[in-house]
$ cat input14.cif   # mmCIF, C-alpha atoms and all ligand atoms
data_coords
#
loop_
_atom_site.group_PDB
_atom_site.id
_atom_site.type_symbol
_atom_site.label_atom_id
_atom_site.label_comp_id
_atom_site.auth_asym_id
_atom_site.auth_seq_id
_atom_site.Cartn_x
_atom_site.Cartn_y
_atom_site.Cartn_z
ATOM 1 C CA MET A 88 -33.734 3.627 30.412
ATOM 2 C CA THR A 89 -32.743 2.450 26.966
ATOM 3 C CA ASN A 90 -29.129 1.474 26.673
ATOM 4 C CA TYR A 91 -27.698 2.940 23.504
ATOM 5 C CA TRP A 92 -24.187 1.628 24.154
ATOM 6 C CA LYS A 93 -23.197 -1.895 23.226
ATOM 7 C CA THR A 94 -19.922 -1.650 25.128
ATOM 8 C CA LEU A 95 -21.857 -1.216 28.366
ATOM 9 C CA GLU A 96 -23.765 -4.457 27.846
ATOM 10 C CA ALA A 97 -20.617 -6.418 28.628
ATOM 11 C CA GLU A 98 -20.689 -7.861 32.091
ATOM 12 C CA GLN A 99 -19.321 -5.419 34.611
ATOM 13 C CA GLY A 100 -15.707 -5.969 35.457
ATOM 14 C CA THR A 101 -14.979 -8.149 32.451
ATOM 15 C CA LEU A 102 -13.432 -5.339 30.424
ATOM 16 C CA GLU A 103 -10.383 -3.292 31.241
ATOM 17 C CA ASP A 104 -10.830 0.471 31.401
ATOM 18 C CA GLY A 105 -8.878 0.923 28.185
ATOM 19 C CA GLN A 106 -11.170 -1.496 26.416
ATOM 20 C CA VAL A 107 -14.292 0.272 27.662
ATOM 21 C CA LEU A 108 -12.875 3.588 26.538
ATOM 22 C CA GLN A 109 -11.958 2.367 23.086
ATOM 23 C CA GLY A 110 -15.361 0.676 22.711
ATOM 24 C CA LEU A 111 -17.288 3.805 23.648
ATOM 25 C CA LEU A 112 -15.251 6.020 21.348
ATOM 26 C CA ASP A 113 -15.865 3.582 18.487
ATOM 27 C CA GLU A 114 -19.591 3.760 19.090
ATOM 28 C CA ALA A 115 -19.834 7.523 19.583
ATOM 29 C CA ASP A 116 -20.976 9.926 16.869
ATOM 30 C CA ALA A 117 -19.176 12.746 18.639
ATOM 31 C CA ILE A 118 -16.641 13.076 21.466
ATOM 32 C CA VAL A 119 -16.190 16.089 23.693
ATOM 33 C CA VAL A 120 -13.007 15.772 25.721
ATOM 34 C CA GLY A 121 -12.480 17.829 28.866
ATOM 35 C CA ILE A 122 -8.954 17.834 30.239
ATOM 36 C CA GLY A 123 -7.775 18.930 33.667
ATOM 37 C CA ALA A 124 -4.564 18.983 35.674
ATOM 38 C CA GLY A 125 -4.730 15.226 36.355
ATOM 39 C CA MET A 126 -3.837 14.492 32.742
ATOM 40 C CA SER A 127 -0.605 16.496 32.808
ATOM 41 C CA ALA A 128 0.162 15.053 36.247
ATOM 42 C CA ALA A 129 -0.256 11.557 34.770
ATOM 43 C CA ASP A 130 2.610 12.434 32.425
ATOM 44 C CA GLY A 131 4.763 13.512 35.352
ATOM 45 C CA PHE A 132 4.103 17.270 35.051
ATOM 46 C CA LYS A 133 3.182 17.597 38.703
ATOM 47 C CA TYR A 134 2.842 20.742 40.780
ATOM 48 C CA ILE A 135 4.136 19.119 43.934
ATOM 49 C CA GLY A 136 7.266 17.185 44.854
ATOM 50 C CA SER A 137 10.726 17.635 43.392
ATOM 51 C CA ARG A 138 9.545 19.339 40.227
ATOM 52 C CA PHE A 139 8.360 22.172 42.472
ATOM 53 C CA THR A 140 10.976 22.087 45.233
ATOM 54 C CA ASP A 141 13.938 21.949 42.809
ATOM 55 C CA ALA A 142 12.745 24.989 40.857
ATOM 56 C CA PHE A 143 11.613 27.241 43.711
ATOM 57 C CA PRO A 144 13.604 26.522 46.910
ATOM 58 C CA ASP A 145 13.993 30.260 47.645
ATOM 59 C CA PHE A 146 10.276 31.045 47.246
ATOM 60 C CA ILE A 147 9.314 28.005 49.307
ATOM 61 C CA GLU A 148 11.641 29.068 52.092
ATOM 62 C CA LYS A 149 10.448 32.659 52.127
ATOM 63 C CA TYR A 150 6.700 32.035 51.888
ATOM 64 C CA GLY A 151 6.151 28.414 52.947
ATOM 65 C CA LEU A 152 4.438 27.629 49.654
ATOM 66 C CA LEU A 153 3.001 24.124 49.416
ATOM 67 C CA ASP A 154 2.467 23.542 45.708
ATOM 68 C CA MET A 155 3.236 25.233 42.426
ATOM 69 C CA LEU A 156 -0.335 26.095 41.531
ATOM 70 C CA GLN A 157 -0.961 27.818 44.851
ATOM 71 C CA ALA A 158 2.410 29.518 44.432
ATOM 72 C CA SER A 159 1.548 30.792 40.955
ATOM 73 C CA LEU A 160 -1.501 32.569 42.393
ATOM 74 C CA PHE A 161 0.405 34.039 45.348
ATOM 75 C CA ASP A 162 0.299 37.777 45.924
ATOM 76 C CA PHE A 163 4.026 38.559 45.693
ATOM 77 C CA GLU A 164 5.383 41.686 47.345
ATOM 78 C CA SER A 165 6.545 43.426 44.157
ATOM 79 C CA VAL A 166 6.238 43.120 40.371
ATOM 80 C CA GLU A 167 9.938 42.312 40.225
ATOM 81 C CA GLU A 168 9.374 39.359 42.547
ATOM 82 C CA TYR A 169 6.186 38.353 40.715
ATOM 83 C CA TRP A 170 8.103 38.092 37.439
ATOM 84 C CA ALA A 171 11.054 36.315 39.053
ATOM 85 C CA PHE A 172 8.632 33.566 40.045
ATOM 86 C CA GLN A 173 6.496 33.615 36.909
ATOM 87 C CA SER A 174 9.378 33.627 34.430
ATOM 88 C CA ARG A 175 10.801 30.464 35.996
ATOM 89 C CA PHE A 176 7.325 28.971 36.128
ATOM 90 C CA VAL A 177 6.688 29.712 32.429
ATOM 91 C CA VAL A 178 9.985 28.184 31.319
ATOM 92 C CA LEU A 179 9.307 25.038 33.372
ATOM 93 C CA ASN A 180 5.624 24.537 32.527
ATOM 94 C CA TYR A 181 5.366 26.082 29.100
ATOM 95 C CA LEU A 182 8.431 26.920 27.079
ATOM 96 C CA ASP A 183 10.530 23.883 28.018
ATOM 97 C CA GLN A 184 7.913 21.375 29.170
ATOM 98 C CA PRO A 185 8.587 18.216 27.150
ATOM 99 C CA VAL A 186 5.916 16.345 25.254
ATOM 100 C CA GLY A 187 3.689 14.067 27.377
ATOM 101 C CA GLN A 188 3.089 10.452 26.362
ATOM 102 C CA SER A 189 -0.598 10.559 27.335
ATOM 103 C CA TYR A 190 -1.157 13.564 25.098
ATOM 104 C CA LEU A 191 0.446 11.731 22.184
ATOM 105 C CA ASP A 192 -1.633 8.620 22.892
ATOM 106 C CA LEU A 193 -4.832 10.627 23.199
ATOM 107 C CA LYS A 194 -4.096 12.347 19.902
ATOM 108 C CA ASP A 195 -3.704 8.948 18.198
ATOM 109 C CA MET A 196 -6.900 7.758 19.816
ATOM 110 C CA LEU A 197 -8.889 10.756 18.541
ATOM 111 C CA GLU A 198 -7.395 10.701 15.050
ATOM 112 C CA GLY A 199 -10.099 10.424 12.411
ATOM 113 C CA ARG A 200 -12.906 10.860 14.932
ATOM 114 C CA ASN A 201 -15.412 13.676 15.350
ATOM 115 C CA TYR A 202 -14.043 15.409 18.477
ATOM 116 C CA HIS A 203 -13.385 18.656 20.245
ATOM 117 C CA ILE A 204 -11.293 19.402 23.339
ATOM 118 C CA ILE A 205 -11.782 21.867 26.159
ATOM 119 C CA THR A 206 -9.059 22.259 28.785
ATOM 120 C CA THR A 207 -8.462 24.202 31.964
ATOM 121 C CA ASN A 208 -4.738 23.456 31.663
ATOM 122 C CA ALA A 209 -2.623 26.418 30.642
ATOM 123 C CA ASP A 210 0.576 24.500 29.925
ATOM 124 C CA ASN A 211 1.900 23.801 26.427
ATOM 125 C CA ALA A 212 0.910 20.102 26.403
ATOM 126 C CA PHE A 213 -1.331 20.242 23.317
ATOM 127 C CA ASP A 214 0.940 22.494 21.361
ATOM 128 C CA VAL A 215 4.096 20.451 21.920
ATOM 129 C CA ALA A 216 2.196 17.228 21.070
ATOM 130 C CA ASP A 217 1.213 18.897 17.800
ATOM 131 C CA TYR A 218 -2.587 18.877 18.144
ATOM 132 C CA ASP A 219 -4.708 20.679 15.604
ATOM 133 C CA SER A 220 -5.338 23.898 17.552
ATOM 134 C CA ASP A 221 -8.712 24.326 15.813
ATOM 135 C CA HIS A 222 -9.956 21.453 17.995
ATOM 136 C CA VAL A 223 -8.663 22.764 21.325
ATOM 137 C CA PHE A 224 -10.227 25.418 23.560
ATOM 138 C CA HIS A 225 -7.966 26.782 26.336
ATOM 139 C CA ILE A 226 -10.639 28.227 28.574
ATOM 140 C CA GLN A 227 -8.192 29.328 31.292
ATOM 141 C CA GLY A 228 -5.615 31.061 29.125
ATOM 142 C CA GLU A 229 -2.032 29.964 28.515
ATOM 143 C CA TYR A 230 1.066 30.512 30.622
ATOM 144 C CA GLY A 231 3.000 31.871 27.667
ATOM 145 C CA LEU A 232 0.629 34.813 27.200
ATOM 146 C CA TRP A 233 0.468 38.160 29.010
ATOM 147 C CA GLN A 234 -2.383 40.489 29.791
ATOM 148 C CA CYS A 235 -2.618 44.015 31.185
ATOM 149 C CA SER A 236 -2.869 43.673 34.990
ATOM 150 C CA LYS A 237 -5.633 46.294 34.924
ATOM 151 C CA HIS A 238 -7.405 44.395 32.110
ATOM 152 C CA CYS A 239 -7.726 47.768 30.363
ATOM 153 C CA HIS A 240 -8.107 46.197 26.935
ATOM 154 C CA GLN A 241 -8.860 42.730 25.574
ATOM 155 C CA GLN A 242 -5.563 41.730 23.976
ATOM 156 C CA THR A 243 -2.873 39.230 24.946
ATOM 157 C CA TYR A 244 0.847 39.518 24.263
ATOM 158 C CA ARG A 245 3.772 37.137 24.136
ATOM 159 C CA ASP A 246 7.545 37.512 24.155
ATOM 160 C CA ASP A 247 9.441 34.362 25.087
ATOM 161 C CA SER A 248 12.846 36.032 24.865
ATOM 162 C CA VAL A 249 11.933 38.484 27.642
ATOM 163 C CA ILE A 250 10.824 35.556 29.816
ATOM 164 C CA ARG A 251 14.163 33.832 29.324
ATOM 165 C CA GLU A 252 16.027 37.044 30.017
ATOM 166 C CA MET A 253 14.123 37.441 33.280
ATOM 167 C CA VAL A 254 15.186 33.947 34.311
ATOM 168 C CA GLU A 255 18.822 34.664 33.500
ATOM 169 C CA GLN A 256 19.062 38.106 35.042
ATOM 170 C CA GLN A 257 17.090 37.678 38.253
ATOM 171 C CA ALA A 258 18.850 37.857 41.595
ATOM 172 C CA ASN A 259 17.533 37.552 45.156
ATOM 173 C CA MET A 260 14.129 36.566 43.781
ATOM 174 C CA LYS A 261 13.764 39.780 41.779
ATOM 175 C CA VAL A 262 14.081 40.590 38.095
ATOM 176 C CA PRO A 263 15.659 43.940 37.133
ATOM 177 C CA SER A 264 12.872 46.572 37.021
ATOM 178 C CA GLU A 265 13.628 47.437 33.408
ATOM 179 C CA LEU A 266 12.696 43.888 32.348
ATOM 180 C CA VAL A 267 9.149 44.090 33.767
ATOM 181 C CA PRO A 268 6.852 44.282 30.748
ATOM 182 C CA HIS A 269 4.177 46.975 30.671
ATOM 183 C CA CYS A 270 0.855 47.493 28.914
ATOM 184 C CA PRO A 271 1.254 49.722 25.841
ATOM 185 C CA GLU A 272 -2.204 51.231 26.422
ATOM 186 C CA CYS A 273 -2.220 52.227 30.103
ATOM 187 C CA GLY A 274 1.321 51.566 31.322
ATOM 188 C CA ALA A 275 0.319 49.085 34.044
ATOM 189 C CA PRO A 276 2.585 46.055 34.447
ATOM 190 C CA PHE A 277 1.669 42.970 32.470
ATOM 191 C CA GLU A 278 0.730 39.742 34.219
ATOM 192 C CA ILE A 279 0.267 36.155 33.038
ATOM 193 C CA ASN A 280 -2.935 35.585 31.064
ATOM 194 C CA LYS A 281 -4.985 33.784 33.658
ATOM 195 C CA ARG A 282 -8.369 33.972 35.284
ATOM 196 C CA ASN A 283 -8.750 35.659 38.624
ATOM 197 C CA GLU A 284 -11.846 35.093 40.736
ATOM 198 C CA GLU A 285 -12.692 38.791 40.997
ATOM 199 C CA LYS A 286 -11.171 40.271 37.850
ATOM 200 C CA GLY A 287 -11.807 37.431 35.430
ATOM 201 C CA MET A 288 -9.384 37.162 32.528
ATOM 202 C CA VAL A 289 -8.470 39.104 29.404
ATOM 203 C CA GLU A 290 -10.213 37.265 26.569
ATOM 204 C CA ASP A 291 -8.954 38.400 23.203
ATOM 205 C CA GLY A 292 -9.991 37.654 19.618
ATOM 206 C CA ASP A 293 -8.190 34.325 19.576
ATOM 207 C CA PHE A 294 -9.886 33.256 22.805
ATOM 208 C CA HIS A 295 -13.295 34.077 21.353
ATOM 209 C CA ALA A 296 -12.494 32.219 18.126
ATOM 210 C CA GLN A 297 -11.616 29.129 20.219
ATOM 211 C CA LYS A 298 -14.813 29.528 22.231
ATOM 212 C CA ASP A 299 -16.938 29.928 19.098
ATOM 213 C CA ARG A 300 -15.487 26.743 17.542
ATOM 214 C CA TYR A 301 -16.182 24.796 20.729
ATOM 215 C CA GLU A 302 -19.762 26.042 20.970
ATOM 216 C CA ALA A 303 -20.375 25.367 17.286
ATOM 217 C CA PHE A 304 -19.215 21.770 17.789
ATOM 218 C CA LEU A 305 -21.596 21.306 20.727
ATOM 219 C CA LYS A 306 -24.469 22.741 18.684
ATOM 220 C CA GLU A 307 -23.745 20.606 15.614
ATOM 221 C CA ASN A 308 -23.730 17.438 17.692
ATOM 222 C CA GLU A 309 -26.600 18.193 20.035
ATOM 223 C CA GLY A 310 -28.834 15.172 20.590
ATOM 224 C CA LYS A 311 -26.388 12.748 18.968
ATOM 225 C CA LYS A 312 -24.814 9.705 20.514
ATOM 226 C CA ILE A 313 -22.108 11.627 22.270
ATOM 227 C CA VAL A 314 -19.389 10.871 24.806
ATOM 228 C CA PHE A 315 -18.437 13.592 27.262
ATOM 229 C CA LEU A 316 -15.010 12.321 28.269
ATOM 230 C CA GLU A 317 -13.528 13.983 31.312
ATOM 231 C CA ILE A 318 -9.844 13.248 31.998
ATOM 232 C CA GLY A 319 -8.150 14.237 35.268
ATOM 233 C CA VAL A 320 -10.670 16.948 36.069
ATOM 234 C CA GLY A 321 -10.802 17.762 39.775
ATOM 235 C CA HIS A 322 -13.107 20.015 41.727
ATOM 236 C CA THR A 323 -11.170 23.297 41.658
ATOM 237 C CA THR A 324 -13.152 24.880 38.838
ATOM 238 C CA PRO A 325 -16.114 22.576 38.097
ATOM 239 C CA GLN A 326 -17.959 25.363 36.271
ATOM 240 C CA PHE A 327 -15.789 24.962 33.158
ATOM 241 C CA ILE A 328 -15.856 21.226 32.393
ATOM 242 C CA LYS A 329 -17.462 19.000 35.034
ATOM 243 C CA HIS A 330 -20.779 20.763 35.520
ATOM 244 C CA PRO A 331 -21.464 21.633 31.853
ATOM 245 C CA PHE A 332 -20.581 18.042 30.827
ATOM 246 C CA GLN A 333 -22.971 16.684 33.450
ATOM 247 C CA LYS A 334 -25.763 19.064 32.405
ATOM 248 C CA MET A 335 -25.370 18.259 28.709
ATOM 249 C CA THR A 336 -25.409 14.554 29.537
ATOM 250 C CA GLU A 337 -28.595 14.972 31.517
ATOM 251 C CA ALA A 338 -30.227 16.771 28.590
ATOM 252 C CA ASN A 339 -29.479 13.953 26.133
ATOM 253 C CA ASP A 340 -30.579 10.327 26.709
ATOM 254 C CA LYS A 341 -28.006 9.127 24.211
ATOM 255 C CA ALA A 342 -25.094 10.907 25.896
ATOM 256 C CA LEU A 343 -22.599 9.377 28.293
ATOM 257 C CA PHE A 344 -20.527 11.088 30.948
ATOM 258 C CA VAL A 345 -17.233 9.202 31.076
ATOM 259 C CA THR A 346 -14.959 10.300 33.886
ATOM 260 C CA MET A 347 -11.348 9.170 34.153
ATOM 261 C CA ASN A 348 -10.209 9.850 37.675
ATOM 262 C CA LYS A 349 -8.736 7.897 40.537
ATOM 263 C CA LYS A 350 -10.954 9.827 42.889
ATOM 264 C CA ASN A 351 -14.606 9.050 43.134
ATOM 265 C CA TYR A 352 -16.400 12.387 42.906
ATOM 266 C CA ARG A 353 -20.090 12.507 43.704
ATOM 267 C CA ILE A 354 -22.155 12.103 40.544
ATOM 268 C CA PRO A 355 -25.577 13.809 40.402
ATOM 269 C CA LYS A 356 -28.318 11.218 40.756
ATOM 270 C CA ALA A 357 -29.985 12.130 37.472
ATOM 271 C CA ILE A 358 -26.991 11.060 35.380
ATOM 272 C CA ARG A 359 -25.727 8.087 37.362
ATOM 273 C CA PRO A 360 -27.165 5.599 34.819
ATOM 274 C CA GLN A 361 -25.357 7.539 32.073
ATOM 275 C CA THR A 362 -22.037 7.738 33.916
ATOM 276 C CA VAL A 363 -18.997 5.540 33.405
ATOM 277 C CA HIS A 364 -16.195 5.925 35.931
ATOM 278 C CA LEU A 365 -12.781 4.718 34.772
ATOM 279 C CA ALA A 366 -10.603 4.672 37.886
ATOM 280 C CA GLN A 367 -7.485 2.963 36.558
ATOM 281 C CA ASP A 368 -4.299 4.907 35.862
ATOM 282 C CA ILE A 369 -4.951 7.600 33.224
ATOM 283 C CA ALA A 370 -1.698 7.277 31.282
ATOM 284 C CA ASN A 371 -1.914 3.509 31.196
ATOM 285 C CA THR A 372 -5.604 3.422 30.211
ATOM 286 C CA ILE A 373 -5.141 5.798 27.290
ATOM 287 C CA HIS A 374 -1.991 4.042 26.180
ATOM 288 C CA LYS A 375 -3.658 0.636 26.199
ATOM 289 C CA ALA A 376 -6.957 1.833 24.723
ATOM 290 C CA LYS A 377 -5.258 2.326 21.373
ATOM 291 C CA ASN A 378 -4.444 -1.346 21.155
ATOM 292 C CA PHE A 379 -7.833 -2.859 21.870
ATOM 293 C CA ASP A 380 -10.087 -3.913 19.064
ATOM 294 C CA ALA A 381 -13.642 -2.677 18.960
ATOM 295 C CA VAL A 382 -16.031 -4.536 21.242
ATOM 296 C CA LYS A 383 -18.224 -6.692 19.064
HETATM 297 ZN ZN ZN A 401 -3.520 48.379 30.296
#
$ encode --input "input14.cif" --output "structure tokens" --more "lines below"
Ligand SMILES: [Zn+2]
Amino acid sequence: MTNYWKTLEAEQGTLEDGQVLQGLLDEADAIVVGIGAGMSAADGFKYIGSRFTDAFPDFIEKYGLLDMLQASLFDFESVEEYWAFQSRFVVLNYLDQPVGQSYLDLKDMLEGRNYHIITTNADNAFDVADYDSDHVFHIQGEYGLWQCSKHCHQQTYRDDSVIREMVEQQANMKVPSELVPHCPECGAPFEINKRNEEKGMVEDGDFHAQKDRYEAFLKENEGKKIVFLEIGVGHTTPQFIKHPFQKMTEANDKALFVTMNKKNYRIPKAIRPQTVHLAQDIANTIHKAKNFDAVK
């Protein structure tokens, strides 16, 4: 196989991960970045530990919930209880989640380059770090948005003040019934805009615009020297980032699949020669990558 990447000619182990990353991005004609939960976790926005137990002691006691993601998908016993949980969750992970250093560093690193981002994260990390939203595709919705729980029509809604009111007025793990928001079309309660294995997700005009921009970018850069950079992507929903990135890499000799993850996921044999695994700490690697000069 021809090696199209100068950075990879360096003797293995002689470069730090940040240096490899910076070198590959310098060489690439296009960069597709796929971001999963591991990136937000690298900035301390974790779904386990004190961030979870401090915010939801009552729910943990009642249901024995183990982590915040599992909890957010739990089938609560009433809509009032559902919104008591979700309103607190939205304030913590969306409305009031502070800016993450890795997101700021990544933004600097991508500045001036030909890139597009796809993410399964539904937090506010890109927004609060002031990314150009035309370059970001939220394929799994956003916590701040609502959809009809019957998915009766393809529109999302948002009202942050109602969320905050639900946090303030809830008692005994229930919001007052009159605060539960309802679909203006069919009257069913709203739920958070997220994908469900059976029902799918409400995908409105904005979602499709994001999807179209992402697909247009892939089409424009097909066959080019391209880096598919996967950051903190696990194996929960590989159909959105991991598998498409691997397939597109396989279809293009000049493409690289660069995976930043502490875990060593199995890489399909066909793309092993085109795979670069950066196992060092995500936040640290991105932070340092900015400061390395191009590999000559
Ligand atoms: Zn409806």
$ residues_around --input "input14.cif" --residues "range 245-258 of chain A" --least-positions-apart "3" --cutoff "12 Å" --atoms "all atoms listed in the file" --output "ChimeraX atom specification"
/A:142,145,167-179,181-183,229-235,242,261-270,277-280
$ resolve_selection --input "input14.cif" --expression "the PyMOL selection byres (((chain A and resi 135) around 9) and not hetatm)" --output "list in words"
Lys133, Tyr134, Gly136, Ser137, Arg138, Phe139, Thr140, Leu153, Asp154, Met155 and Leu156 of chain A
$ closest_residue --input "input14.cif" --among "A:Glu272, A:Glu96, A:Asp217, A:Glu114" --to "ligand ZN 401 (chain A)" --atoms "all atoms listed in the file"
A:Glu272
$ residues_near_ligand --input "input14.cif" --ligand "ligand ZN 401 (chain A)" --cutoff "7 Å" --atoms "only C-alpha atoms and all ligand atoms" --output "list in words"
Cys235, Ser236, Lys237, His238, Cys239, His240, Cys270, Pro271, Glu272, Cys273, Gly274 and Ala275 of chain A
$ resolve_selection --input "input14.cif" --expression "the PyMOL selection byres (((chain A and resi 323-327) around 9) and not hetatm)" --output "ChimeraX atom specification"
/A:121,205-207,226-227,320-322,328-332
$ atom_distance --input "input14.cif" --atom1 "CA of Lys349 in chain A" --atom2 "CA of Ile318 in chain A"
10.1 Å
$ build_atoms --input "input14.cif" --residues "range 165-174 of chain A" --atoms "all heavy atoms" --output "tab-separated table (two decimals), keeping the file's coordinate frame"
chain	number	residue	atom	x	y	z
A	165	SER	N	6.23	42.40	45.17
A	165	SER	CA	6.54	43.43	44.16
A	165	SER	C	6.41	42.81	42.76
A	165	SER	O	6.41	41.59	42.62
A	165	SER	CB	7.98	43.93	44.33
A	165	SER	OG	8.90	42.89	44.04
A	166	VAL	N	6.31	43.66	41.74
A	166	VAL	CA	6.24	43.12	40.37
A	166	VAL	C	7.54	42.43	39.99
A	166	VAL	O	7.54	41.46	39.24
A	166	VAL	CB	5.91	44.18	39.28
A	166	VAL	CG1	4.44	44.50	39.28
A	166	VAL	CG2	6.77	45.41	39.40
A	167	GLU	N	8.64	42.93	40.53
A	167	GLU	CA	9.94	42.31	40.22
A	167	GLU	C	9.97	40.87	40.77
A	167	GLU	O	10.49	39.97	40.13
A	167	GLU	CB	11.09	43.13	40.83
A	167	GLU	CG	11.37	44.46	40.13
A	167	GLU	CD	10.44	45.58	40.60
A	167	GLU	OE1	9.62	45.35	41.51
A	167	GLU	OE2	10.54	46.70	40.03
A	168	GLU	N	9.41	40.69	41.95
A	168	GLU	CA	9.37	39.36	42.55
A	168	GLU	C	8.35	38.47	41.82
A	168	GLU	O	8.60	37.29	41.57
A	168	GLU	CB	9.04	39.45	44.04
A	168	GLU	CG	9.32	38.16	44.79
A	168	GLU	CD	8.97	38.25	46.27
A	168	GLU	OE1	7.79	38.41	46.61
A	168	GLU	OE2	9.91	38.18	47.09
A	169	TYR	N	7.21	39.07	41.48
A	169	TYR	CA	6.19	38.35	40.72
A	169	TYR	C	6.80	37.76	39.45
A	169	TYR	O	6.64	36.57	39.16
A	169	TYR	CB	5.04	39.31	40.35
A	169	TYR	CG	4.01	38.74	39.38
A	169	TYR	CD1	2.91	38.03	39.85
A	169	TYR	CD2	4.14	38.92	37.99
A	169	TYR	CE1	1.97	37.50	38.98
A	169	TYR	CE2	3.21	38.39	37.11
A	169	TYR	CZ	2.13	37.69	37.60
A	169	TYR	OH	1.20	37.16	36.72
A	170	TRP	N	7.54	38.57	38.71
A	170	TRP	CA	8.10	38.09	37.44
A	170	TRP	C	9.29	37.15	37.64
A	170	TRP	O	9.57	36.32	36.78
A	170	TRP	CB	8.44	39.27	36.51
A	170	TRP	CG	7.20	39.74	35.81
A	170	TRP	CD1	6.51	40.89	36.06
A	170	TRP	CD2	6.48	39.06	34.78
A	170	TRP	NE1	5.40	40.97	35.25
A	170	TRP	CE2	5.35	39.86	34.45
A	170	TRP	CE3	6.66	37.85	34.10
A	170	TRP	CZ2	4.41	39.48	33.48
A	170	TRP	CZ3	5.73	37.47	33.13
A	170	TRP	CH2	4.63	38.29	32.82
A	171	ALA	N	9.98	37.28	38.76
A	171	ALA	CA	11.05	36.32	39.05
A	171	ALA	C	10.44	34.93	39.19
A	171	ALA	O	10.95	33.94	38.63
A	171	ALA	CB	11.79	36.71	40.34
A	172	PHE	N	9.32	34.86	39.91
A	172	PHE	CA	8.63	33.57	40.04
A	172	PHE	C	8.04	33.13	38.71
A	172	PHE	O	8.27	32.01	38.24
A	172	PHE	CB	7.52	33.65	41.11
A	172	PHE	CG	6.79	32.34	41.26
A	172	PHE	CD1	7.22	31.40	42.20
A	172	PHE	CD2	5.73	32.01	40.43
A	172	PHE	CE1	6.58	30.16	42.31
A	172	PHE	CE2	5.08	30.78	40.53
A	172	PHE	CZ	5.52	29.85	41.47
A	173	GLN	N	7.25	34.01	38.10
A	173	GLN	CA	6.50	33.62	36.91
A	173	GLN	C	7.39	33.25	35.73
A	173	GLN	O	7.07	32.33	34.97
A	173	GLN	CB	5.51	34.72	36.48
A	173	GLN	CG	4.44	35.07	37.53
A	173	GLN	CD	3.47	33.93	37.82
A	173	GLN	OE1	3.40	32.94	37.10
A	173	GLN	NE2	2.70	34.07	38.90
A	174	SER	N	8.51	33.94	35.57
A	174	SER	CA	9.38	33.63	34.43
A	174	SER	C	9.92	32.20	34.57
A	174	SER	O	9.93	31.43	33.61
A	174	SER	CB	10.52	34.66	34.31
A	174	SER	OG	11.28	34.71	35.50
